[in-house]
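Asks: Enclosed is the structure file target-v1.txt (compact mmCIF, C-alpha atoms).
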# COMPACT_ATOMS: atom_id res chain seq x y z
CA MET A 60 121.49 44.27 118.89
CA THR A 61 120.45 43.85 115.28
CA SER A 62 122.72 45.32 112.67
CA PHE A 63 122.59 48.49 110.63
CA LEU A 64 122.13 46.44 107.46
CA THR A 65 119.16 44.57 108.94
CA HIS A 66 117.37 47.82 109.69
CA ARG A 67 118.36 49.24 106.32
CA THR A 68 116.57 46.26 104.77
CA HIS A 69 113.48 47.05 106.86
CA VAL A 70 113.47 50.63 105.58
CA HIS A 71 113.41 49.26 102.02
CA ASP A 72 110.66 46.70 102.71
CA ALA A 73 107.49 48.16 101.18
CA ARG A 74 105.44 45.39 102.82
CA LEU A 75 106.05 46.87 106.26
CA PRO A 76 103.95 49.70 107.72
CA LEU A 77 105.48 53.11 107.08
CA ARG A 78 105.84 53.84 110.78
CA ARG A 79 107.87 50.68 111.23
CA ARG A 80 110.08 51.59 108.29
CA HIS A 81 110.53 55.06 109.78
CA SER A 82 111.44 53.48 113.12
CA ALA A 83 114.02 51.31 111.33
CA LEU A 84 115.57 54.47 109.87
CA ARG A 85 115.77 55.90 113.38
CA THR A 86 117.62 52.77 114.56
CA CYS A 87 120.08 53.11 111.67
CA ILE A 88 120.80 56.66 112.82
CA THR A 89 121.40 55.49 116.39
CA LEU A 90 124.07 53.17 114.96
CA PHE A 91 125.74 55.79 112.74
CA ALA A 92 125.19 59.53 113.04
CA PRO A 93 128.00 61.74 111.67
CA TYR A 94 126.28 64.92 112.89
CA GLY A 95 124.97 63.43 116.12
CA PHE A 96 121.58 61.71 116.29
CA ARG A 97 119.25 64.71 116.26
CA ALA A 98 121.22 66.79 113.78
CA THR A 99 121.70 63.79 111.47
CA TYR A 100 117.98 63.06 111.49
CA HIS A 101 117.18 66.72 110.83
CA HIS A 102 119.70 66.74 107.99
CA LEU A 103 118.14 63.65 106.40
CA THR A 104 114.63 65.10 106.57
CA LEU A 105 115.91 67.96 104.42
CA SER A 106 118.29 66.14 102.09
CA ALA A 107 115.86 63.26 101.42
CA ALA A 108 112.79 65.56 101.53
CA ILE A 109 110.95 63.42 104.08
CA PRO A 110 107.45 64.91 104.23
CA ARG A 111 105.46 65.45 107.38
CA ARG A 112 103.04 62.80 106.10
CA LEU A 113 105.11 59.74 105.26
CA GLU A 114 102.32 58.47 103.00
CA ALA A 115 102.98 61.38 100.64
CA ASP A 116 106.41 60.01 99.65
CA PRO A 117 107.44 56.62 101.11
CA ALA A 118 110.52 56.61 98.87
CA ALA A 119 111.94 59.45 100.97
CA LEU A 120 112.79 56.93 103.69
CA VAL A 121 114.81 54.92 101.19
CA ARG A 122 116.65 58.04 99.99
CA ALA A 123 117.51 58.89 103.58
CA VAL A 124 118.82 55.47 104.57
CA GLU A 125 120.83 55.16 101.36
CA GLU A 126 122.59 58.47 101.98
CA LEU A 127 123.37 57.27 105.50
CA HIS A 128 124.51 53.88 104.20
CA GLU A 129 126.87 55.41 101.63
CA ALA A 130 128.49 57.55 104.31
CA ARG A 131 128.78 54.56 106.64
CA VAL A 132 130.56 52.48 103.98
CA LEU A 133 133.16 55.23 103.59
CA TRP A 134 133.54 55.47 107.36
CA LEU A 135 133.93 51.71 107.84
CA ALA A 136 136.67 51.55 105.21
CA ARG A 137 138.60 54.32 106.99
CA VAL A 138 138.05 52.69 110.39
CA GLN A 139 139.57 49.46 109.08
CA GLU A 140 142.55 51.35 107.66
CA TYR A 141 143.07 53.13 110.96
CA ALA A 142 142.84 49.89 112.93
CA ALA A 143 145.48 48.28 110.69
CA GLN A 144 147.69 51.36 111.05
CA ARG A 145 147.42 51.26 114.85
CA ARG A 146 148.28 47.56 114.97
CA ALA A 147 151.40 48.22 112.91
CA GLU A 148 152.38 51.15 115.14
CA LYS A 149 151.97 49.08 118.29
CA ARG A 150 154.09 46.29 116.87
CA ALA A 151 156.75 48.92 116.20
CA GLY A 152 156.54 50.10 119.81
CA ARG A 153 154.57 53.29 119.13
CA ARG A 154 151.61 52.84 121.45
CA ALA A 155 150.68 56.50 122.01
CA GLU A 156 147.52 57.43 120.13
CA VAL A 157 147.65 60.24 117.61
CA ASN A 158 146.40 63.65 118.69
CA PRO A 159 143.90 64.87 117.70
CA ARG A 160 141.99 61.62 117.76
CA PRO A 161 140.22 60.39 114.61
CA TRP A 162 136.97 62.24 114.09
CA TRP A 163 134.76 59.25 114.87
CA LEU A 164 136.43 58.65 118.26
CA ARG A 165 135.91 62.16 119.62
CA SER A 166 133.33 62.48 122.35
CA ARG A 167 130.54 64.98 121.88
CA TRP A 168 132.14 67.23 124.51
CA GLU A 169 135.72 67.22 123.29
CA GLY A 170 134.91 67.66 119.60
CA PRO A 171 134.60 71.02 117.86
CA ASN A 172 131.22 69.81 116.52
CA ARG A 173 129.52 69.88 119.91
CA ALA A 174 127.25 72.75 118.83
CA TRP A 175 125.31 70.27 116.68
CA TYR A 176 124.23 68.38 119.79
CA GLU A 177 122.91 71.54 121.43
CA ASP A 178 121.40 73.08 118.29
CA PRO A 179 120.59 70.32 115.76
CA PHE A 180 119.73 72.88 113.06
CA ARG A 181 123.34 74.11 112.86
CA HIS A 182 124.87 71.05 111.15
CA PRO A 183 126.84 71.37 107.87
CA PRO A 184 124.96 71.63 104.56
CA LEU A 185 127.03 68.77 103.12
CA LEU A 186 125.52 65.44 102.23
CA LEU A 187 126.76 62.85 104.71
CA PRO A 188 129.12 61.06 102.28
CA GLU A 189 130.68 64.42 101.39
CA TYR A 190 131.21 65.19 105.06
CA VAL A 191 132.81 61.80 105.73
CA ARG A 192 135.10 62.17 102.72
CA ARG A 193 136.15 65.58 103.96
CA GLN A 194 136.89 64.33 107.48
CA ASN A 195 138.82 61.33 106.15
CA ALA A 196 140.88 63.58 103.89
CA ILE A 197 141.76 65.86 106.82
CA LEU A 198 142.71 62.81 108.90
CA ASP A 199 145.03 61.76 106.07
CA GLY A 200 146.77 65.14 106.19
CA ALA A 201 144.93 67.11 103.51
CA ASP A 202 144.95 70.88 103.97
CA LEU A 203 141.44 71.77 102.88
CA PRO A 204 140.24 75.38 102.62
CA GLY A 205 137.61 76.85 104.90
CA CYS A 206 135.89 75.32 107.89
CA PRO A 207 137.14 71.77 108.56
CA ALA A 208 133.55 70.56 108.78
CA CYS A 209 131.71 72.28 105.95
CA GLY A 210 134.31 74.24 103.96
CA ASP A 211 132.67 77.62 104.60
CA GLU A 212 135.33 80.26 103.90
CA ARG A 213 133.52 83.27 105.34
CA PRO A 214 134.94 85.04 108.40
CA PRO A 215 134.03 83.29 111.66
CA VAL A 216 131.54 84.64 114.15
CA SER A 217 132.76 85.54 117.65
CA ASN A 218 130.47 84.42 120.47
CA SER A 219 130.85 85.77 123.98
CA THR A 220 131.19 83.29 126.84
CA GLY A 221 130.97 86.00 129.48
CA HIS A 222 134.72 86.09 130.09
CA GLY A 223 136.14 85.34 126.66
CA TRP A 224 135.26 84.62 123.08
CA VAL A 225 134.69 81.51 120.98
CA GLU A 226 135.04 81.68 117.21
CA LEU A 227 132.44 79.64 115.35
CA CYS A 228 132.04 78.77 111.69
CA ARG A 229 129.37 80.99 110.21
CA GLY A 230 127.92 78.07 108.28
CA CYS A 231 127.74 75.25 110.84
CA ALA A 232 128.91 76.57 114.26
CA TRP A 233 132.02 74.35 114.24
CA VAL A 234 134.38 75.65 116.93
CA LEU A 235 137.28 77.21 115.05
CA ALA A 236 138.88 78.80 118.13
CA PRO A 237 137.83 77.74 121.66
CA CYS A 238 137.51 80.01 124.68
CA PRO A 239 140.95 80.87 126.11
CA CYS A 240 139.85 79.48 129.49
CA GLY A 241 139.96 75.98 128.03
CA GLN A 242 136.55 75.08 129.40
CA ARG A 243 133.56 73.84 127.41
CA HIS A 244 130.69 76.26 126.93
CA ARG A 245 127.16 75.54 125.88
CA LEU A 246 125.72 77.01 122.72
CA VAL A 247 122.30 78.57 123.11
CA PRO A 248 120.12 77.28 120.24
CA GLU A 249 119.26 80.04 117.81
CA THR A 250 115.84 78.51 117.12
CA PRO A 251 113.95 77.08 120.12
CA TYR A 252 113.02 73.47 119.50
CA ASN A 253 111.80 70.27 121.08
CA TRP A 254 112.74 66.81 119.97
CA ASN A 255 109.17 65.67 119.32
CA GLY A 256 108.76 68.51 116.84
CA ILE A 257 111.89 67.46 114.94
CA TRP A 258 110.94 63.77 115.03
CA GLN A 259 107.44 64.51 113.73
CA ARG A 260 108.95 66.80 111.07
CA ALA A 261 107.07 69.93 112.07
CA HIS A 262 109.70 71.81 110.07
CA MET A 263 108.58 70.02 106.88
CA SER A 264 105.49 70.36 104.71
CA ASP A 265 103.35 67.52 103.44
CA ASP A 266 105.07 67.70 100.04
CA GLY A 267 108.59 67.28 101.48
CA THR A 268 109.66 70.90 101.27
CA PRO A 269 110.66 72.98 104.32
CA ASN A 270 107.61 74.36 106.10
CA PRO A 271 107.63 78.12 105.41
CA HIS A 272 105.56 78.74 108.56
CA TRP A 273 107.96 77.03 110.96
CA PRO A 274 108.93 78.45 113.30
CA ALA A 275 106.84 81.61 113.43
CA GLY A 276 107.01 82.19 109.71
CA ARG A 277 110.76 81.68 109.41
CA PRO A 278 111.93 79.38 106.57
CA VAL A 279 114.08 76.41 107.50
CA GLY A 280 116.88 75.24 105.27
CA TYR A 281 120.61 74.79 104.93
CA GLY A 282 122.44 77.88 106.04
CA ALA A 283 119.25 79.57 107.25
CA ALA A 284 120.58 79.88 110.77
CA SER A 285 123.25 82.52 111.27
CA ALA A 286 125.41 82.49 114.37
CA ARG A 287 124.75 84.91 117.19
CA ASN A 288 126.20 85.71 120.58
CA SER A 289 125.53 82.84 122.93
CA GLY A 290 125.80 84.95 126.10
CA PRO A 291 127.41 83.88 129.35
CA ALA A 292 128.35 80.23 129.62
CA SER A 293 126.25 77.93 131.72
Step by step, read the file and then write its structure as structure tokens.

Replies:
Amino acid sequence: MTSFLTHRTHVHDARLPLRRRHSALRTCITLFAPYGFRATYHHLTLSAAIPRRLEADPAALVRAVEELHEARVLWLARVQEYAAQRRAEKRAGRRAEVNPRPWWLRSRWEGPNRAWYEDPFRHPPLLLPEYVRRQNAILDGADLPGCPACGDERPPVSNSTGHGWVELCRGCAWVLAPCPCGQRHRLVPETPYNWNGIWQRAHMSDDGTPNPHWPAGRPVGYGAASARNSGPAS
């Protein structure tokens, strides 16, 4: 598999067709996606203002991949520190892994960010480097205010699972308190979506601003989605 940096170079290459550069950005996201692939792509369309028509602003692809690259550099540095720490611990006879696991090693099902996989519009409003810095600081023992993911300090929203309640961050649907049953529960997306629509940026206008008529006249933007009851678990 070719590397992240190779595809980053392709995104920058103005000699390549725009669709190929866009495809290279997609590959970069498959290799590093702090919010999960779909939510990270949706985030970048907003933060980099990627228009529906790529021809309207080719530089938006560069803005997107550079935000992703900056976050990845921060992540790689912390991964290397963690690897060195674990080697030292193992040499000292401490082989048990820390709990909770580092944020980048959590599976999509065990992590409190699993809502972003089911509803890719509910990711944090933070730029990706800001999110990575926040997660690294928490891993290092920092006691940060608000939601661990986005810092939102508003009261959480309680969602019914049919037999209990899950408390979610009002800003990004991070699971602040899981269902007492200990089982995983799906989050019903607040805004119906299909992946092709996200990929083709139906939520964006030709000028790179959120499409005010998507979906059904509802504006799309950071914090536009408020949490609601998810109903019985599936």

Asks: Each residue of range 141-171 of chain A lying at most 12 Å from range 95-110 of chain A should get a row with its shortest atom-to-atom pair and the distance in Å to one decimal, counting only C-alpha atoms; could you produce that, ordered by chain and increasing number, as CSV?

Replies:
residue,atom,partner,partner_atom,distance
A:Trp163,CA,A:Gly95,CA,10.7
A:Arg165,CA,A:Gly95,CA,11.6
A:Ser166,CA,A:Gly95,CA,10.5
A:Arg167,CA,A:Gly95,CA,8.2
A:Trp168,CA,A:Gly95,CA,11.7
A:Gly170,CA,A:Gly95,CA,11.3

Asks: Mind giving me the straight-line distance from CA of Ala261 in chain A to CA of Ala83 in chain A in Å, one decimal?

Replies: 19.9 Å

Asks: Which of these, A:Arg67, A:Asp178, A:Pro93, A:Leu120, has the shortest distance to Leu164 in chain A once you count all atoms listed in the file?

Replies: A:Pro93

Asks: Pick out the closest residue to Thr65 in chain A from this set: A:Glu212, A:Pro207, A:Ala136, A:Leu84. Count all atoms listed in the file.

Replies: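 For Thr65 in chain A, the nearest of the given residues is A:Leu84.
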
Asks: Find the residues near Ile197 in chain A: any atom within 12 Å, counting all atoms listed in the file, skip ones fewer than 5 places away on the same chain, and give them as a VMD selection string.

Replies: chain A and resid 137 159 to 162 190 to 192 202 to 210

Asks: Contacts between range 245-254 of chain A and range 135-182 of chain A, please, where a residue of range 135-182 of chain A counts if it comes within 8 Å (with only C-alpha atoms); show its shortest atom pair and distance in Å to one decimal, rows by chain and ascending number, as a tab-separated table.

Replies:
residue	atom	partner	partner_atom	distance
A:Ala174	CA	A:Leu246	CA	6.0
A:Glu177	CA	A:Leu246	CA	6.3
A:Asp178	CA	A:Pro248	CA	4.8
A:Phe180	CA	A:Thr250	CA	8.0

Asks: Take CA of Arg74 in chain A and CA of Pro117 in chain A and report the distance between them in Å, one decimal.

Replies: 11.5 Å

Asks: If you measure from CA of Glu189 in chain A to CA of Glu126 in chain A, what distance in Å do you get, rounded to one decimal?

Replies: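 Rounded to one decimal, the two atoms are 10.1 Å apart.
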
Asks: When you count all atoms listed in the file, which of these residues is closest to Pro214 in chain A: A:Gly200, A:Gly230, A:Pro179, A:Gly241?

Replies: A:Gly230

Asks: Go through A:Pro76, A:Ser82, A:Arg111, A:Gly256 and flag the residue nearest Asn270 in chain A, using all atoms listed in the file for the distances.

Replies: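 Ranked by minimum distance to Asn270 in chain A, first place goes to A:Arg111.
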
Asks: Just checking: using all atoms listed in the file, which residue out of A:Cys228, A:Trp273, A:Val121, A:Pro239 ends up closest to Trp175 in chain A?

Replies: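 Checking each of A:Cys228, A:Trp273, A:Val121, A:Pro239 against Trp175 in chain A, counting all atoms listed in the file, the winner is A:Cys228.
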
Asks: Between A:Thr268, A:Asn195, A:Ser217, A:Gln144, which residue has the minimum interatomic distance to Trp233 in chain A, considering only C-alpha atoms?

Replies: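 The answer is A:Ser217, which sits nearest to Trp233 in chain A.
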
Asks: Could you rebuild range 178-189 of chain A with all heavy atoms and give it back as a PDB file, keeping the file's coordinate frame?

Replies:
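File part11.pdb, as written:
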ATOM      1  N   ASP A 178     122.267  72.421 119.253  1.00  0.00           N
ATOM      2  CA  ASP A 178     121.400  73.080 118.290  1.00  0.00           C
ATOM      3  C   ASP A 178     121.427  72.241 117.006  1.00  0.00           C
ATOM      4  O   ASP A 178     122.260  72.458 116.130  1.00  0.00           O
ATOM      5  CB  ASP A 178     121.885  74.504 118.019  1.00  0.00           C
ATOM      6  CG  ASP A 178     120.908  75.294 117.167  1.00  0.00           C
ATOM      7  OD1 ASP A 178     119.986  74.679 116.598  1.00  0.00           O
ATOM      8  OD2 ASP A 178     121.057  76.522 117.061  1.00  0.00           O
ATOM      9  N   PRO A 179     120.529  71.263 116.888  1.00  0.00           N
ATOM     10  CA  PRO A 179     120.590  70.320 115.760  1.00  0.00           C
ATOM     11  C   PRO A 179     120.286  70.917 114.407  1.00  0.00           C
ATOM     12  O   PRO A 179     120.372  70.221 113.404  1.00  0.00           O
ATOM     13  CB  PRO A 179     119.544  69.262 116.140  1.00  0.00           C
ATOM     14  CG  PRO A 179     118.623  69.937 117.092  1.00  0.00           C
ATOM     15  CD  PRO A 179     119.472  70.915 117.846  1.00  0.00           C
ATOM     16  N   PHE A 180     119.956  72.222 114.345  1.00  0.00           N
ATOM     17  CA  PHE A 180     119.730  72.880 113.060  1.00  0.00           C
ATOM     18  C   PHE A 180     121.015  73.476 112.503  1.00  0.00           C
ATOM     19  O   PHE A 180     121.015  74.003 111.388  1.00  0.00           O
ATOM     20  CB  PHE A 180     118.682  73.987 113.198  1.00  0.00           C
ATOM     21  CG  PHE A 180     117.397  73.529 113.809  1.00  0.00           C
ATOM     22  CD1 PHE A 180     116.886  74.149 114.936  1.00  0.00           C
ATOM     23  CD2 PHE A 180     116.693  72.466 113.278  1.00  0.00           C
ATOM     24  CE1 PHE A 180     115.703  73.723 115.519  1.00  0.00           C
ATOM     25  CE2 PHE A 180     115.507  72.035 113.839  1.00  0.00           C
ATOM     26  CZ  PHE A 180     115.008  72.654 114.961  1.00  0.00           C
ATOM     27  N   ARG A 181     122.117  73.411 113.249  1.00  0.00           N
ATOM     28  CA  ARG A 181     123.340  74.110 112.860  1.00  0.00           C
ATOM     29  C   ARG A 181     124.373  73.172 112.221  1.00  0.00           C
ATOM     30  O   ARG A 181     125.550  73.508 112.140  1.00  0.00           O
ATOM     31  CB  ARG A 181     123.958  74.794 114.085  1.00  0.00           C
ATOM     32  CG  ARG A 181     123.057  75.784 114.787  1.00  0.00           C
ATOM     33  CD  ARG A 181     122.969  77.114 114.085  1.00  0.00           C
ATOM     34  NE  ARG A 181     124.205  77.871 114.195  1.00  0.00           N
ATOM     35  CZ  ARG A 181     124.532  78.646 115.239  1.00  0.00           C
ATOM     36  NH1 ARG A 181     123.695  78.748 116.275  1.00  0.00           N
ATOM     37  NH2 ARG A 181     125.649  79.315 115.251  1.00  0.00           N
ATOM     38  N   HIS A 182     123.946  71.999 111.776  1.00  0.00           N
ATOM     39  CA  HIS A 182     124.870  71.050 111.150  1.00  0.00           C
ATOM     40  C   HIS A 182     125.318  71.549 109.781  1.00  0.00           C
ATOM     41  O   HIS A 182     124.704  72.466 109.205  1.00  0.00           O
ATOM     42  CB  HIS A 182     124.199  69.687 111.029  1.00  0.00           C
ATOM     43  CG  HIS A 182     122.879  69.740 110.308  1.00  0.00           C
ATOM     44  ND1 HIS A 182     122.782  69.903 108.945  1.00  0.00           N
ATOM     45  CD2 HIS A 182     121.610  69.684 110.766  1.00  0.00           C
ATOM     46  CE1 HIS A 182     121.518  69.926 108.590  1.00  0.00           C
ATOM     47  NE2 HIS A 182     120.776  69.800 109.679  1.00  0.00           N
ATOM     48  N   PRO A 183     126.371  70.943 109.191  1.00  0.00           N
ATOM     49  CA  PRO A 183     126.840  71.370 107.870  1.00  0.00           C
ATOM     50  C   PRO A 183     125.777  71.130 106.791  1.00  0.00           C
ATOM     51  O   PRO A 183     124.899  70.274 106.945  1.00  0.00           O
ATOM     52  CB  PRO A 183     128.065  70.481 107.628  1.00  0.00           C
ATOM     53  CG  PRO A 183     128.530  70.100 108.992  1.00  0.00           C
ATOM     54  CD  PRO A 183     127.274  69.957 109.804  1.00  0.00           C
ATOM     55  N   PRO A 184     125.877  71.855 105.677  1.00  0.00           N
ATOM     56  CA  PRO A 184     124.960  71.630 104.560  1.00  0.00           C
ATOM     57  C   PRO A 184     125.368  70.457 103.684  1.00  0.00           C
ATOM     58  O   PRO A 184     124.660  70.105 102.743  1.00  0.00           O
ATOM     59  CB  PRO A 184     125.042  72.946 103.775  1.00  0.00           C
ATOM     60  CG  PRO A 184     126.435  73.419 104.024  1.00  0.00           C
ATOM     61  CD  PRO A 184     126.744  73.026 105.439  1.00  0.00           C
ATOM     62  N   LEU A 185     126.520  69.846 103.963  1.00  0.00           N
ATOM     63  CA  LEU A 185     127.030  68.770 103.120  1.00  0.00           C
ATOM     64  C   LEU A 185     126.198  67.509 103.243  1.00  0.00           C
ATOM     65  O   LEU A 185     125.732  67.158 104.336  1.00  0.00           O
ATOM     66  CB  LEU A 185     128.479  68.444 103.505  1.00  0.00           C
ATOM     67  CG  LEU A 185     129.499  69.575 103.463  1.00  0.00           C
ATOM     68  CD1 LEU A 185     130.863  69.049 103.903  1.00  0.00           C
ATOM     69  CD2 LEU A 185     129.579  70.195 102.082  1.00  0.00           C
ATOM     70  N   LEU A 186     126.048  66.784 102.143  1.00  0.00           N
ATOM     71  CA  LEU A 186     125.520  65.440 102.230  1.00  0.00           C
ATOM     72  C   LEU A 186     126.469  64.603 103.081  1.00  0.00           C
ATOM     73  O   LEU A 186     127.679  64.854 103.125  1.00  0.00           O
ATOM     74  CB  LEU A 186     125.371  64.826 100.835  1.00  0.00           C
ATOM     75  CG  LEU A 186     124.330  65.474  99.916  1.00  0.00           C
ATOM     76  CD1 LEU A 186     124.372  64.820  98.541  1.00  0.00           C
ATOM     77  CD2 LEU A 186     122.943  65.388 100.511  1.00  0.00           C
ATOM     78  N   LEU A 187     125.943  63.606 103.753  1.00  0.00           N
ATOM     79  CA  LEU A 187     126.760  62.850 104.710  1.00  0.00           C
ATOM     80  C   LEU A 187     127.992  62.207 104.070  1.00  0.00           C
ATOM     81  O   LEU A 187     129.074  62.250 104.668  1.00  0.00           O
ATOM     82  CB  LEU A 187     125.897  61.809 105.415  1.00  0.00           C
ATOM     83  CG  LEU A 187     124.744  62.379 106.246  1.00  0.00           C
ATOM     84  CD1 LEU A 187     123.924  61.253 106.862  1.00  0.00           C
ATOM     85  CD2 LEU A 187     125.259  63.322 107.338  1.00  0.00           C
ATOM     86  N   PRO A 188     127.899  61.600 102.880  1.00  0.00           N
ATOM     87  CA  PRO A 188     129.120  61.060 102.280  1.00  0.00           C
ATOM     88  C   PRO A 188     130.178  62.134 102.017  1.00  0.00           C
ATOM     89  O   PRO A 188     131.382  61.891 102.168  1.00  0.00           O
ATOM     90  CB  PRO A 188     128.624  60.427 100.971  1.00  0.00           C
ATOM     91  CG  PRO A 188     127.195  60.108 101.228  1.00  0.00           C
ATOM     92  CD  PRO A 188     126.705  61.238 102.093  1.00  0.00           C
ATOM     93  N   GLU A 189     129.733  63.331 101.627  1.00  0.00           N
ATOM     94  CA  GLU A 189     130.680  64.420 101.390  1.00  0.00           C
ATOM     95  C   GLU A 189     131.374  64.814 102.685  1.00  0.00           C
ATOM     96  O   GLU A 189     132.584  65.085 102.691  1.00  0.00           O
ATOM     97  CB  GLU A 189     129.947  65.630 100.804  1.00  0.00           C
ATOM     98  CG  GLU A 189     129.352  65.384  99.422  1.00  0.00           C
ATOM     99  CD  GLU A 189     128.498  66.542  98.955  1.00  0.00           C
ATOM    100  OE1 GLU A 189     128.347  67.520  99.713  1.00  0.00           O
ATOM    101  OE2 GLU A 189     127.971  66.475  97.832  1.00  0.00           O
TER     102      GLU A 189
END
